[in-house]
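As structure tokens, the structure follows; a few thoughts come after it.
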Amino acid sequence: MTIHQLSIFLENTAGSLVQVLRQLKKANVQLVAITIADTAEYGILRVVCAEPTRACEELKKAGIAVAISDVFALKLDNEPGCAADVIELFSQAGISIAYVYTFLYEGKGILVFRTDNTELARETIVKNNLPFIDEDALAQWR
């Protein structure tokens with residue numbers, strides 16, 4: 001029910017992002033979504049890709065600081081308000097969201113989020129019959 005996301009620590013300097021992207025290109029890793037959260041000194045590049053374990057290994061070989069974490073990825077209709085409706089379900093269940101980002105894929109909105117209460121989030125997804133993306137689905141995004 002969860003997918004693996006790479007979290008890559010970058011210095012806020014020219015060339016640090018392109019170094020990571022070049023390594024992933026060299027390894028022929030298909031990127032699905034990326035986002036950066038930044039501070040004055042560093043950034044965290046979050047990556048959803050088709051082969052996260054292999055991508056992580058390739059980045060580590062290149063000396064790049066990377067970690068894998070589990071996140072949820074839900075399919076939403078591409079209509080205004082769908083994200084608000086889904087996030088409200090988690091809020092009503094008492095689940096806080098650490099971060100969220102979205103992207104479009106095959107006409108559907110994909111909402112990626114992380115929470116500190118994974119088990120309750122899973123229960124909420126099942127209870128509300130929310131469509132999710134899993135690792136098998138990501139592997140086919142090539």
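Following the order of the structure tokens, first chain is A, next is B, and so on, with residues numbered from 1 inside each chain and ligands from 1 in the order they appear.
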- Using DSSP on the backbone coordinates, identify the residues of segment 9-108 of chain A assigned to helix (DSSP H, G or I); present them as a count of residues only. 32
- Message: Need to verify the contact set: Glu79 of chain A, 12 Å, only C-alpha atoms, exclusion of same-chain residues closer than 2 positions in sequence. Can you return it as a list of chain:residue names?
- Response: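 The neighbour list is A:Lys75, A:Leu76, A:Asp77, A:Gly81, A:Cys82, A:Ala83, A:Ala84, A:Asp85, A:Leu104, A:Gly107, A:Lys108, A:Gly109, A:Ile110.
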- Name the closest residue to Thr124 of chain A among the candidates A:Gly43, A:Met1, A:Ala139, A:Lys61; distances are taken between atoms, counting only C-alpha atoms.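 Answer, going by the shortest atom-to-atom distance: A:Met1.
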- Among listed residues A:Ile95, A:Leu6, A:Ala33, A:Ala137, nearest Asp70 of chain A (using only C-alpha atoms):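 Between A:Ile95, A:Leu6, A:Ala33, A:Ala137, the residue approaching Asp70 of chain A most closely is A:Leu6.
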- Atomic distance atom CA of Phe90 of chain A - atom CA of Ile44 of chain A, expressed in Å with one decimal: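 Straight-line distance from atom CA of Phe90 of chain A to atom CA of Ile44 of chain A works out to 24.8 Å.
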- Go through A:Lys26, A:Ile97, A:Leu89, A:Glu106 and flag the residue nearest Glu123 of chain A, using only C-alpha atoms for the distances.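 Among the listed residues, the smallest separation from Glu123 of chain A belongs to A:Leu89.
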- Which of A:Thr102, A:Ser91, A:Gln5, A:Gln140 sits closest to Leu120 of chain A [using only C-alpha atoms]: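 Result for the nearest residue to Leu120 of chain A: A:Ser91.
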- Query: Which of these residues is nearest to Val29 of chain A, using only C-alpha atoms: A:Glu41, A:Asp136, A:Glu88, A:Glu51?
  - Reply: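 Of all the options, A:Glu51 lies closest to Val29 of chain A.
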- All strand (DSSP E) residues (DSSP, backbone) inside segment 1-130 of chain A, as an MDAnalysis selection string: chainID A and resid 2:11 31:38 42:49 66:77 97:105 108:115
- Message: Report, in Å to a single decimal, how far apart atom CA of Arg54 of chain A and atom CA of Phe72 of chain A are.
- Response: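 Here the two named atoms are 19.7 Å from each other.
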- Query: Nearest to Gln92 of chain A: which of A:Phe132, A:Ala121, A:Ala37, A:Gln30 is it, counting only C-alpha atoms?
  - Reply: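 Among the listed residues, the smallest separation from Gln92 of chain A belongs to A:Ala121.
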- Pick out the residues sitting within 6 Å of Arg114 of chain A, and hand them over as a ChimeraX atom specification; count only C-alpha atoms, and ignore anything fewer than 5 positions along from it in its own chain. /A:71,97-99
- Message: Between atom CA of Leu31 of chain A and atom CA of Ser69 of chain A, what distance in Å does the model show, to one decimal?
- Response: 16.2 Å
- Close residues, Thr39 of chain A itself excluded, 12 Å, only C-alpha atoms, min 3 positions apart in chain, as a list in words: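 Using only C-alpha atoms, the neighbours found are Phe9, Leu10, Glu11, Asn12, Thr13, Ile36, Tyr42, Gly43, Ile44 and Leu45 of chain A.
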Write the residues of the selection above to a file with C-alpha atoms, as a compact mmCIF listing (two decimals), in the first residue's frame.
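Result went into again.txt, see below:
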```txt
# COMPACT_ATOMS: atom_id res chain seq x y z
CA PHE A 9 20.32 15.62 0.86
CA LEU A 10 21.70 18.44 -1.29
CA GLU A 11 23.82 21.45 -0.50
CA ASN A 12 22.32 24.67 -1.82
CA THR A 13 25.11 25.12 -4.35
CA ILE A 36 12.64 19.90 -3.29
CA TYR A 42 20.63 22.59 2.12
CA GLY A 43 17.70 20.97 0.40
CA ILE A 44 15.95 17.64 0.51
CA LEU A 45 15.19 16.26 -2.93
```
- Item | Leu138 of chain A environment, 9 Å, only C-alpha atoms, sequence neighbours closer than 4 positions dropped, as a ChimeraX atom specification | /A:3,32,48-51,133-134,142
